[in-house]
Each structure stands twice: as structure tokens, then as C-alpha cells.
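Participant: So here's input.cif (mmCIF, C-alpha atoms).
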```
data_input
#
loop_
_atom_site.group_PDB
_atom_site.id
_atom_site.type_symbol
_atom_site.label_atom_id
_atom_site.label_comp_id
_atom_site.auth_asym_id
_atom_site.auth_seq_id
_atom_site.Cartn_x
_atom_site.Cartn_y
_atom_site.Cartn_z
ATOM 1 C CA VAL V 1 0.663 -17.372 -20.599
ATOM 2 C CA HIS V 2 -0.608 -17.747 -17.027
ATOM 3 C CA VAL V 3 2.387 -15.867 -15.600
ATOM 4 C CA GLN V 4 1.920 -13.064 -18.143
ATOM 5 C CA LYS V 5 -1.749 -12.732 -17.162
ATOM 6 C CA GLU V 6 -0.816 -12.574 -13.477
ATOM 7 C CA ARG V 7 1.876 -9.981 -14.169
ATOM 8 C CA ALA V 8 -0.514 -7.860 -16.261
ATOM 9 C CA PHE V 9 -3.188 -8.104 -13.555
ATOM 10 C CA THR V 10 -0.697 -7.126 -10.837
ATOM 11 C CA GLN V 11 0.620 -4.182 -12.863
ATOM 12 C CA LYS V 12 -2.927 -2.963 -13.482
ATOM 13 C CA ILE V 13 -3.830 -3.160 -9.775
ATOM 14 C CA ILE V 14 -0.586 -1.471 -8.688
ATOM 15 C CA LYS V 15 -1.065 1.321 -11.241
ATOM 16 C CA ILE V 16 -4.621 1.982 -9.962
ATOM 17 C CA ILE V 17 -3.473 1.960 -6.331
ATOM 18 C CA GLU V 18 -0.404 4.134 -6.937
ATOM 19 C CA SER V 19 -2.352 6.724 -8.942
ATOM 20 C CA ASN V 20 -4.899 6.986 -6.126
ATOM 21 C CA LEU V 21 -2.621 6.523 -3.123
ATOM 22 C CA ALA V 22 -3.423 9.921 -1.557
ATOM 23 C CA ASN V 23 -7.167 9.216 -1.833
ATOM 24 C CA PRO V 24 -8.493 8.116 1.582
ATOM 25 C CA ASP V 25 -11.437 6.513 -0.269
ATOM 26 C CA LEU V 26 -9.110 4.048 -2.007
ATOM 27 C CA ASP V 27 -10.437 0.763 -0.699
ATOM 28 C CA ILE V 28 -11.657 -2.603 -1.937
ATOM 29 C CA ALA V 29 -14.914 -1.176 -3.341
ATOM 30 C CA PHE V 30 -12.908 1.480 -5.217
ATOM 31 C CA LEU V 31 -10.606 -1.208 -6.706
ATOM 32 C CA CYS V 32 -13.594 -3.329 -7.713
ATOM 33 C CA LYS V 33 -15.145 -0.355 -9.506
ATOM 34 C CA GLU V 34 -11.867 0.537 -11.273
ATOM 35 C CA THR V 35 -11.152 -3.038 -12.393
ATOM 36 C CA GLY V 36 -14.736 -4.033 -13.114
ATOM 37 C CA MET V 37 -14.267 -7.097 -10.898
ATOM 38 C CA SER V 38 -16.475 -8.411 -8.160
ATOM 39 C CA ARG V 39 -15.177 -8.286 -4.613
ATOM 40 C CA THR V 40 -14.897 -12.085 -4.561
ATOM 41 C CA LYS V 41 -13.015 -12.283 -7.870
ATOM 42 C CA LEU V 42 -10.603 -9.507 -6.843
ATOM 43 C CA TYR V 43 -9.979 -11.239 -3.513
ATOM 44 C CA GLN V 44 -9.364 -14.618 -5.192
ATOM 45 C CA GLU V 45 -6.954 -13.150 -7.774
ATOM 46 C CA LEU V 46 -4.878 -11.199 -5.256
ATOM 47 C CA LYS V 47 -4.884 -14.055 -2.761
ATOM 48 C CA SER V 48 -3.684 -16.579 -5.350
ATOM 49 C CA ILE V 49 -0.935 -14.317 -6.765
ATOM 50 C CA HIS V 50 0.237 -12.414 -3.679
ATOM 51 C CA SER V 51 -1.176 -14.387 -0.723
ATOM 52 C CA GLN V 52 -2.833 -11.176 0.486
ATOM 53 C CA SER V 53 -6.367 -9.882 0.578
ATOM 54 C CA ALA V 54 -7.142 -6.717 -1.407
ATOM 55 C CA GLY V 55 -7.189 -4.635 1.785
ATOM 56 C CA ASP V 56 -3.792 -5.988 2.864
ATOM 57 C CA PHE V 57 -2.371 -5.410 -0.614
ATOM 58 C CA ILE V 58 -3.503 -1.755 -0.586
ATOM 59 C CA ARG V 59 -2.081 -1.282 2.914
ATOM 60 C CA THR V 60 1.250 -2.860 1.925
ATOM 61 C CA LEU V 61 1.630 -0.496 -1.031
ATOM 62 C CA ARG V 62 0.700 2.472 1.162
ATOM 63 C CA MET V 63 3.247 1.498 3.806
ATOM 64 C CA ARG V 64 6.007 0.861 1.251
ATOM 65 C CA ARG V 65 5.372 4.310 -0.218
ATOM 66 C CA ALA V 66 5.427 5.822 3.288
ATOM 67 C CA ALA V 67 8.777 4.126 4.009
ATOM 68 C CA HIS V 68 10.127 5.409 0.687
ATOM 69 C CA LEU V 69 9.022 8.956 1.540
ATOM 70 C CA MET V 70 10.606 8.701 5.003
ATOM 71 C CA THR V 71 13.841 7.488 3.443
ATOM 72 C CA TYR V 72 14.149 9.951 0.564
ATOM 73 C CA GLU V 73 12.033 13.020 1.397
ATOM 74 C CA ASN V 74 12.247 15.419 4.303
ATOM 75 C CA LEU V 75 8.543 15.309 5.237
ATOM 76 C CA SER V 76 6.693 15.202 8.535
ATOM 77 C CA ILE V 77 4.738 12.086 9.501
ATOM 78 C CA GLY V 78 1.541 14.106 8.906
ATOM 79 C CA GLU V 79 2.602 14.985 5.350
ATOM 80 C CA ILE V 80 3.524 11.367 4.657
ATOM 81 C CA MET V 81 0.182 10.137 6.015
ATOM 82 C CA PHE V 82 -1.606 12.627 3.749
ATOM 83 C CA GLN V 83 0.378 11.453 0.698
ATOM 84 C CA VAL V 84 -0.498 7.805 1.323
ATOM 85 C CA GLY V 85 -4.173 8.501 2.068
ATOM 86 C CA ILE V 86 -4.235 7.649 5.771
ATOM 87 C CA GLN V 87 -6.087 10.022 8.052
ATOM 88 C CA THR V 88 -5.369 8.853 11.597
ATOM 89 C CA GLN V 89 -1.942 8.640 13.178
ATOM 90 C CA SER V 90 -2.887 5.646 15.359
ATOM 91 C CA TYR V 91 -3.903 3.573 12.320
ATOM 92 C CA PHE V 92 -0.823 4.702 10.393
ATOM 93 C CA THR V 93 1.496 3.718 13.257
ATOM 94 C CA LYS V 94 -0.226 0.331 13.707
ATOM 95 C CA ALA V 95 -0.182 -0.467 9.963
ATOM 96 C CA PHE V 96 3.427 0.682 9.582
ATOM 97 C CA LYS V 97 4.557 -1.421 12.534
ATOM 98 C CA LYS V 98 2.721 -4.453 11.150
ATOM 99 C CA GLU V 99 4.516 -4.009 7.798
ATOM 100 C CA PHE V 100 8.038 -3.202 9.026
ATOM 101 C CA GLY V 101 8.178 -4.373 12.649
ATOM 102 C CA LYS V 102 8.829 -0.845 13.955
ATOM 103 C CA THR V 103 6.943 2.381 14.397
ATOM 104 C CA PRO V 104 7.430 5.242 11.918
ATOM 105 C CA LYS V 105 9.443 7.140 14.564
ATOM 106 C CA GLN V 106 11.740 4.117 15.132
ATOM 107 C CA PHE V 107 12.108 3.710 11.359
ATOM 108 C CA ILE V 108 13.153 7.361 10.962
ATOM 109 C CA SER V 109 15.573 7.267 13.880
ATOM 110 C CA ASP V 110 17.134 4.060 12.474
ATOM 111 C CA LEU V 111 17.645 5.883 9.152
ATOM 112 C CA LYS V 112 19.461 8.720 10.914
ATOM 113 C CA VAL V 113 21.855 6.267 12.595
ATOM 114 C CA ARG V 114 23.168 5.002 9.225
#
```
Take the structure from the file and write it as C-alpha cells.
Facilitator:
Amino acid sequence: VHVQKERAFTQKIIKIIESNLANPDLDIAFLCKETGMSRTKLYQELKSIHSQSAGDFIRTLRMRRAAHLMTYENLSIGEIMFQVGIQTQSYFTKAFKKEFGKTPKQFISDLKVR
């Protein structure tokens, strides 16, 4: 039962994040409002299930979507940033590198080598 609750919670959070990915206002407060949870409760749930804070969880999903777009779509970095709701290139590059260990440009050039 516990695992089912965790899975349902995770699916709900992912669905909210993915449907609002392009929204730059998607943040912890937005998730709290959408789920009806307090900031503390949301943090505790995500931390216990995924070992990430809500902010990190949102960023991870954004970066995974960005990597997917880089891999399968012929879009510019600017278009990808727009689709994942990130407005500054410096933040996007820093967050992407933290997630994948390489900059978006390195990631794209590695894809072209294959």
C-alpha cells in the first residue's frame, strides 16, 4: 500500500510538472498550490521518495526534457530553454551541467559524434 501511495504521489507531481514545464512560474509555491500541500509536507514527501528537494526535482525533470529535445528534435538552445521554462542561458547551462556533467553544447556535439 505504501509503495502504491508513493507511486501515485510521484505520478501526480510529474504530471503537474510536465503539463506546466514551459511555465517559468513553475516553482515550489506553484506545486504546493496545485497539490494542496504545504511547502514542508511537499519537501518531506519528495525527499523521502526521491532524495531530492522539490526545487531539485523540478529542475531534474526540466533538464531531462531538455536533453530529450536535444536528442530527438532539431531545436536551438533558445527554443529548448523556452520549452522547459528557463529564461536565462547561464542558469540553463549551469543546471544542465549539474544534471549531466556537461554543458548543453558539449551534450549536442557528443550526440553528433555517434
Participant: Which residues fall under the PyMOL selection byres ((chain V and resi 34) around 12) in this file, as a list of chain:residue names?
Facilitator: V:Lys12, V:Ile13, V:Ile14, V:Lys15, V:Ile16, V:Ile17, V:Ser19, V:Asn20, V:Leu26, V:Asp27, V:Ile28, V:Ala29, V:Phe30, V:Leu31, V:Cys32, V:Lys33, V:Thr35, V:Gly36, V:Met37, V:Ser38, V:Arg39, V:Leu42
Participant: Residues within 9 Å of Phe82 of chain V, please, as JSON, numbers by chain. Count only C-alpha atoms; anything in the same chain fewer than 3 positions from it doesn't count.
Facilitator: {"V": [22, 23, 24, 77, 78, 79, 85, 86, 87]}
Participant: Need the shell around Tyr43 of chain V: protein/DNA/RNA residues with any atom at most 6 Å away, counting all atoms listed in the file. Skip same-chain ones fewer than 3 positions apart. Format as a PyMOL selection string?
Facilitator: chain V and resi 40+46-47+53-54
Participant: How would you write as a PyMOL selection string the residues that get within 10 Å of (-0.1, -2.6, 7.9) in the file's frame, counting all atoms listed in the file?
Facilitator: chain V and resi 55-64+91-101
Participant: What lies within 10 Å of segment 69-76 of chain V using only C-alpha atoms, ignoring chain neighbours under 5 positions off, as a ChimeraX atom specification?
Facilitator: /V:63-64,81-84,104-105,107-108,111-112
Participant: Since we have the selection now, will you write its residues out, keeping C-alpha atoms, as a PDB file, keeping the file's coordinate frame?
Facilitator:
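And here is the file that came out, out-v4.pdb:
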```
ATOM      1  CA  MET V  63       3.247   1.498   3.806  1.00  0.00           C
ATOM      2  CA  ARG V  64       6.007   0.861   1.251  1.00  0.00           C
ATOM      3  CA  MET V  81       0.182  10.137   6.015  1.00  0.00           C
ATOM      4  CA  PHE V  82      -1.606  12.627   3.749  1.00  0.00           C
ATOM      5  CA  GLN V  83       0.378  11.453   0.698  1.00  0.00           C
ATOM      6  CA  VAL V  84      -0.498   7.805   1.323  1.00  0.00           C
ATOM      7  CA  PRO V 104       7.430   5.242  11.918  1.00  0.00           C
ATOM      8  CA  LYS V 105       9.443   7.140  14.564  1.00  0.00           C
ATOM      9  CA  PHE V 107      12.108   3.710  11.359  1.00  0.00           C
ATOM     10  CA  ILE V 108      13.153   7.361  10.962  1.00  0.00           C
ATOM     11  CA  LEU V 111      17.645   5.883   9.152  1.00  0.00           C
ATOM     12  CA  LYS V 112      19.461   8.720  10.914  1.00  0.00           C
TER      13      LYS V 112
END
```
Participant: To one decimal place, how far is atom CA of Lys102 of chain V from atom CA of Leu21 of chain V in Å?
Facilitator: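 Between atom CA of Lys102 of chain V and atom CA of Leu21 of chain V the gap works out to 21.8 Å.
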Participant: Specify the axis-aligned box that encloses all atoms of segment 61-70 of chain V listed in the file after padding of 4 Å on each side, stating its centre and edge lengths in Å to one decimal as AutoDock Vina command-line options.
Facilitator:
```
--center_x 5.7 --center_y 4.2 --center_z 2.0 --size_x 17.9 --size_y 17.5 --size_z 14.0
```
Participant: For a test of reading the model, state the distance in Å between atom CA of Val1 of chain V and atom CA of Gln44 of chain V, rounded to one decimal.
Facilitator: 18.6 Å
Participant: In Å to one decimal, how far is atom CA of Val3 of chain V from atom CA of Lys41 of chain V?
Facilitator: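 The value is 17.6 Å.
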Participant: Looking at all atoms listed in the file, which of V:Thr88, V:Ser109, V:Ser48, V:Thr103 is the one that sits closest to Thr10 of chain V?
Facilitator: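 Of all the options, V:Ser48 lies closest to Thr10 of chain V.
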Participant: For a quick check of understanding, using all atoms listed in the file, which of V:Ala67, V:Ala8, V:Val113, V:Ile80 has the smallest distance to Ile49 of chain V?
Facilitator: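 Of the candidates, the smallest distance to Ile49 of chain V is held by V:Ala8.
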